[in-house]
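Take a look at the structure set out below.
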Amino acid sequence: MSDTLKTSLPLIPPPPLPDAKLWAVAWTKSRCEKALCEYLDSLGVPRFLPLVSKRRVWGGQAKFSQLPLFSGYVFFDYAAVERTKVFESRKVAQILQPPDPAQLERDLRNLTLALQEDETLRETRFGQLGRPVYVKTGPFRGLYGKLVRYDADSKLVVQVDFIGKAAELRIDEAFLEPAL
C-alpha cells in the first residue's frame, strides 16, 4: 500500500445536460439509480444523474466511487418514453412530474454548471436561509443560488426546488452580486 493516500478526489467531468422536451423525475428504489440510467439509455431516453466522486476505505484501501449527488432521483425526458415503460424497469417507485417543467430545467442546468466546475459539491440541507446571489465572474460564472456563511466559510447553495434537494460549494464572495 502507498505511504501517502491521495487526498483530493479525481475530477471526472460530468456529461452536459441532454436536451429534453419535458423533464420529470424518477424516484427510484434504493440504490437503483445507475441501473435505471442503463435501462433508459437502452431505450434511447435522455436522462441526467448528477454524480460526485467520494473516497471510501474498504479493507484498508482507499477507493473512489461515483455516487449520485441526490440518492434516489434520476431525471429523464418524460415525453420520450411511455410511463409504463419506465415502470417496466422494476427500478422505479414513483414518477414525479413538476408543475413548472421550465423551472426544473433551469435548476438542472444550474446544477450541471456547478458539477462541471467543482468536484467538492455535496448535498446539503434544503431551504437554508440565505441571500439570493448570482455569480458574475470566475469559474462559476452564470450560476445562481443562495449565499450561506458558516464561520469564515462562504458557501453557495444550489437548489433543485421540485425535489427539495440542495448542494453546496465553497465560493469567494468577491465573485458574487445580489440576484434581482
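Residues in the C-alpha cells are named by chain (A, B, ... in the order shown) and by number from 1 within that chain; ligands are numbered from 1 in the order shown.
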
Q: Would you list the contacts of A:Cys37 as a PyMOL selection string, taking every protein, DNA or RNA residue within 10 Å and counting only C-alpha atoms, but skipping same-chain residues closer than 3 positions in sequence?
A: chain A and resi 32-34+40-43+45-49+74-76+91

Go ahead and write the selection's residues with C-alpha atoms as a compact mmCIF listing (two decimals), in the first residue's frame.
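What follows is the written file selection-v5.txt:
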```
# COMPACT_ATOMS: atom_id res chain seq x y z
CA CYS A 32 -31.10 1.60 -8.30
CA GLU A 33 -30.14 4.94 -9.89
CA LYS A 34 -27.36 3.67 -12.16
CA LEU A 40 -33.22 4.46 -20.01
CA ASP A 41 -30.09 4.53 -22.19
CA SER A 42 -31.14 1.23 -23.78
CA LEU A 43 -34.47 2.87 -24.69
CA VAL A 45 -34.33 8.24 -23.43
CA PRO A 46 -32.38 11.38 -22.45
CA ARG A 47 -31.60 11.24 -18.74
CA PHE A 48 -29.49 13.01 -16.14
CA LEU A 49 -27.97 11.56 -12.98
CA VAL A 74 -32.98 10.23 -11.77
CA PHE A 75 -34.11 13.00 -14.12
CA PHE A 76 -35.41 11.94 -17.54
CA LYS A 91 -36.29 0.10 -10.51
```

Q: Using backbone DSSP assignments, extract all alpha helix (DSSP H) residues from stretch 5-179 of chain A; output them as number ranges by chain.
A: A: 33-43, 83-87, 101-117

For N, CA and C atoms, I'd like the residues from the last selection saved as an mmCIF file, in the first residue's frame.
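New file out.cif:
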```cif
data_model
loop_
_atom_site.group_PDB
_atom_site.id
_atom_site.type_symbol
_atom_site.label_atom_id
_atom_site.label_comp_id
_atom_site.auth_asym_id
_atom_site.auth_seq_id
_atom_site.Cartn_x
_atom_site.Cartn_y
_atom_site.Cartn_z
ATOM 1 N N GLU A 33 -30.261 3.812 -8.970
ATOM 2 C CA GLU A 33 -30.141 4.942 -9.891
ATOM 3 C C GLU A 33 -29.348 4.591 -11.153
ATOM 4 N N LYS A 34 -28.190 3.977 -10.995
ATOM 5 C CA LYS A 34 -27.355 3.665 -12.158
ATOM 6 C C LYS A 34 -27.998 2.599 -13.040
ATOM 7 N N ALA A 35 -28.649 1.618 -12.432
ATOM 8 C CA ALA A 35 -29.330 0.574 -13.208
ATOM 9 C C ALA A 35 -30.473 1.180 -14.021
ATOM 10 N N LEU A 36 -31.205 2.140 -13.434
ATOM 11 C CA LEU A 36 -32.271 2.801 -14.175
ATOM 12 C C LEU A 36 -31.685 3.607 -15.330
ATOM 13 N N CYS A 37 -30.554 4.252 -15.114
ATOM 14 C CA CYS A 37 -29.908 5.011 -16.194
ATOM 15 C C CYS A 37 -29.534 4.096 -17.355
ATOM 16 N N GLU A 38 -29.011 2.917 -17.055
ATOM 17 C CA GLU A 38 -28.673 1.961 -18.108
ATOM 18 C C GLU A 38 -29.923 1.548 -18.877
ATOM 19 N N TYR A 39 -31.005 1.339 -18.166
ATOM 20 C CA TYR A 39 -32.264 0.951 -18.805
ATOM 21 C C TYR A 39 -32.771 2.078 -19.708
ATOM 22 N N LEU A 40 -32.762 3.318 -19.204
ATOM 23 C CA LEU A 40 -33.221 4.456 -20.006
ATOM 24 C C LEU A 40 -32.320 4.653 -21.224
ATOM 25 N N ASP A 41 -31.013 4.441 -21.051
ATOM 26 C CA ASP A 41 -30.086 4.525 -22.186
ATOM 27 C C ASP A 41 -30.436 3.494 -23.251
ATOM 28 N N SER A 42 -30.799 2.288 -22.811
ATOM 29 C CA SER A 42 -31.141 1.235 -23.777
ATOM 30 C C SER A 42 -32.400 1.583 -24.571
ATOM 31 N N LEU A 43 -33.264 2.421 -23.990
ATOM 32 C CA LEU A 43 -34.471 2.866 -24.693
ATOM 33 C C LEU A 43 -34.237 4.149 -25.492
ATOM 34 N N ARG A 83 -44.959 6.097 -19.773
ATOM 35 C CA ARG A 83 -44.861 5.928 -18.331
ATOM 36 C C ARG A 83 -44.713 4.443 -17.949
ATOM 37 N N THR A 84 -45.484 3.581 -18.603
ATOM 38 C CA THR A 84 -45.441 2.161 -18.270
ATOM 39 C C THR A 84 -44.076 1.535 -18.580
ATOM 40 N N LYS A 85 -43.413 2.042 -19.627
ATOM 41 C CA LYS A 85 -42.082 1.531 -19.979
ATOM 42 C C LYS A 85 -41.083 1.806 -18.870
ATOM 43 N N VAL A 86 -41.194 2.974 -18.222
ATOM 44 C CA VAL A 86 -40.277 3.318 -17.131
ATOM 45 C C VAL A 86 -40.486 2.360 -15.958
ATOM 46 N N PHE A 87 -41.738 2.051 -15.645
ATOM 47 C CA PHE A 87 -42.022 1.137 -14.539
ATOM 48 C C PHE A 87 -41.621 -0.304 -14.861
ATOM 49 N N PRO A 101 -42.176 22.650 -15.503
ATOM 50 C CA PRO A 101 -41.034 21.960 -16.116
ATOM 51 C C PRO A 101 -39.893 22.898 -16.503
ATOM 52 N N ALA A 102 -40.203 24.117 -16.879
ATOM 53 C CA ALA A 102 -39.151 25.066 -17.260
ATOM 54 C C ALA A 102 -38.267 25.396 -16.063
ATOM 55 N N GLN A 103 -38.855 25.510 -14.873
ATOM 56 C CA GLN A 103 -38.071 25.789 -13.671
ATOM 57 C C GLN A 103 -37.173 24.610 -13.334
ATOM 58 N N LEU A 104 -37.685 23.386 -13.486
ATOM 59 C CA LEU A 104 -36.857 22.207 -13.240
ATOM 60 C C LEU A 104 -35.676 22.185 -14.202
ATOM 61 N N GLU A 105 -35.913 22.511 -15.460
ATOM 62 C CA GLU A 105 -34.803 22.537 -16.424
ATOM 63 C C GLU A 105 -33.777 23.603 -16.050
ATOM 64 N N ARG A 106 -34.226 24.780 -15.618
ATOM 65 C CA ARG A 106 -33.281 25.825 -15.172
ATOM 66 C C ARG A 106 -32.458 25.340 -13.984
ATOM 67 N N ASP A 107 -33.112 24.682 -13.023
ATOM 68 C CA ASP A 107 -32.397 24.161 -11.857
ATOM 69 C C ASP A 107 -31.380 23.105 -12.262
ATOM 70 N N LEU A 108 -31.734 22.230 -13.215
ATOM 71 C CA LEU A 108 -30.803 21.194 -13.668
ATOM 72 C C LEU A 108 -29.624 21.797 -14.420
ATOM 73 N N ARG A 109 -29.859 22.814 -15.236
ATOM 74 C CA ARG A 109 -28.753 23.480 -15.939
ATOM 75 C C ARG A 109 -27.818 24.150 -14.936
ATOM 76 N N ASN A 110 -28.392 24.766 -13.912
ATOM 77 C CA ASN A 110 -27.610 25.402 -12.861
ATOM 78 C C ASN A 110 -26.762 24.356 -12.122
ATOM 79 N N LEU A 111 -27.352 23.226 -11.801
ATOM 80 C CA LEU A 111 -26.648 22.148 -11.121
ATOM 81 C C LEU A 111 -25.539 21.577 -12.001
ATOM 82 N N THR A 112 -25.800 21.432 -13.296
ATOM 83 C CA THR A 112 -24.787 20.923 -14.226
ATOM 84 C C THR A 112 -23.574 21.840 -14.265
ATOM 85 N N LEU A 113 -23.817 23.149 -14.291
ATOM 86 C CA LEU A 113 -22.716 24.114 -14.275
ATOM 87 C C LEU A 113 -21.893 23.962 -13.004
ATOM 88 N N ALA A 114 -22.547 23.806 -11.867
ATOM 89 C CA ALA A 114 -21.831 23.636 -10.602
ATOM 90 C C ALA A 114 -21.008 22.347 -10.599
ATOM 91 N N LEU A 115 -21.564 21.271 -11.124
ATOM 92 C CA LEU A 115 -20.847 19.993 -11.170
ATOM 93 C C LEU A 115 -19.622 20.057 -12.089
ATOM 94 N N GLN A 116 -19.715 20.821 -13.167
ATOM 95 C CA GLN A 116 -18.599 20.921 -14.103
ATOM 96 C C GLN A 116 -17.419 21.662 -13.503
ATOM 97 N N GLU A 117 -17.677 22.539 -12.555
ATOM 98 C CA GLU A 117 -16.618 23.390 -12.032
ATOM 99 C C GLU A 117 -16.118 23.030 -10.641
#
```

Q: Point out the residue among A:Thr137, A:Gln97, A:Thr124, A:Ser89 with the least atom-to-atom distance to A:Phe162, counting only C-alpha atoms.
A: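 Smallest distance to A:Phe162 is found for A:Gln97.
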
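With only C-alpha atoms as the basis for measurement, A:Val157 is the residue among A:Ala26, A:Ala20, A:Ala62, A:Val157 that approaches A:Leu121 most closely.
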
Q. How far is it from atom CA of A:Val92 to atom CA of A:Pro50, in Å with one decimal?
A.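 So the two atoms, atom CA of A:Val92 and atom CA of A:Pro50, lie 17.2 Å apart.
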
Q. What is the distance between atom CA of A:Asp100 and atom CA of A:Pro139, in Å to one decimal?
A.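 Those two atoms sit 28.6 Å apart.
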
Q. Among stretch 27-102 of chain A, which residues carry a DSSP assignment of strand (DSSP E or B), reported as a ChimeraX atom specification?
A. /A:27-28,47-48,51-58,61-68,73-77,92-96

Q: Go through A:Phe64, A:Trp23, A:Tyr150, A:Tyr134 and flag the residue nearest A:Val81, using only C-alpha atoms for the distances.
A: A:Trp23

**Q.** For A:Ile171: contacts at 8 Å, only C-alpha atoms, fewer than 4 positions along chain excluded, given as an MDAnalysis selection string
**A.** chainID A and resid 154:156 175

Just to be explicit: take each residue in the selection above, keep N, CA and C atoms, and write the result as a PDB file, in the first residue's frame.
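Below is the file again20.pdb, written as the result:
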```
ATOM      1  N   SER A 154     -17.696  30.830   3.095  1.00  0.00           N
ATOM      2  CA  SER A 154     -18.867  31.234   2.324  1.00  0.00           C
ATOM      3  C   SER A 154     -19.228  30.075   1.409  1.00  0.00           C
ATOM      4  N   LYS A 155     -20.495  29.687   1.409  1.00  0.00           N
ATOM      5  CA  LYS A 155     -20.962  28.580   0.581  1.00  0.00           C
ATOM      6  C   LYS A 155     -22.091  29.079  -0.311  1.00  0.00           C
ATOM      7  N   LEU A 156     -22.107  28.558  -1.519  1.00  0.00           N
ATOM      8  CA  LEU A 156     -23.197  28.825  -2.442  1.00  0.00           C
ATOM      9  C   LEU A 156     -24.066  27.572  -2.460  1.00  0.00           C
ATOM     10  N   PHE A 175     -16.820  37.153  -6.104  1.00  0.00           N
ATOM     11  CA  PHE A 175     -17.392  36.762  -7.396  1.00  0.00           C
ATOM     12  C   PHE A 175     -18.898  36.985  -7.474  1.00  0.00           C
TER      13      PHE A 175
END
```

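When the distance limit is 8 Å and only C-alpha atoms are what count, the residues near A:Lys21, minus those fewer than 6 positions from it on the same chain, are Asp77, Tyr78, Ala79 and Ala80 of chain A.
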
Quick one: write out the picked residues with N, CA and C atoms as an mmCIF file, in the first residue's frame?
```
data_model
loop_
_atom_site.group_PDB
_atom_site.id
_atom_site.type_symbol
_atom_site.label_atom_id
_atom_site.label_comp_id
_atom_site.auth_asym_id
_atom_site.auth_seq_id
_atom_site.Cartn_x
_atom_site.Cartn_y
_atom_site.Cartn_z
ATOM 1 N N ASP A 77 -36.404 12.489 -19.677
ATOM 2 C CA ASP A 77 -37.342 13.138 -20.590
ATOM 3 C C ASP A 77 -38.645 12.337 -20.620
ATOM 4 N N TYR A 78 -39.655 12.876 -19.972
ATOM 5 C CA TYR A 78 -40.950 12.208 -19.843
ATOM 6 C C TYR A 78 -41.653 12.079 -21.193
ATOM 7 N N ALA A 79 -41.364 13.009 -22.104
ATOM 8 C CA ALA A 79 -42.006 12.989 -23.422
ATOM 9 C C ALA A 79 -41.408 11.926 -24.344
ATOM 10 N N ALA A 80 -40.233 11.387 -23.995
ATOM 11 C CA ALA A 80 -39.546 10.446 -24.879
ATOM 12 C C ALA A 80 -39.900 8.983 -24.610
#
```

Q: For atom CA of A:Phe140 and atom CA of A:Ala24, quote the distance in Å rounded to one decimal.
A: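 Computing it gives 25.7 Å between the two atoms.
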
Q: Go through A:Val25, A:Leu176, A:Glu168, A:Lys136 and flag the residue nearest A:Tyr73, using only C-alpha atoms for the distances.
A: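 Selected residue with least distance to A:Tyr73: A:Val25.
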
**Q.** Selected residue of minimal separation from A:Gln159 among A:Pro18, A:Gly142, A:Gly127, A:Pro99, counting only C-alpha atoms
**A.**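 Using only C-alpha atoms, A:Gln159 sits closest to A:Gly127.
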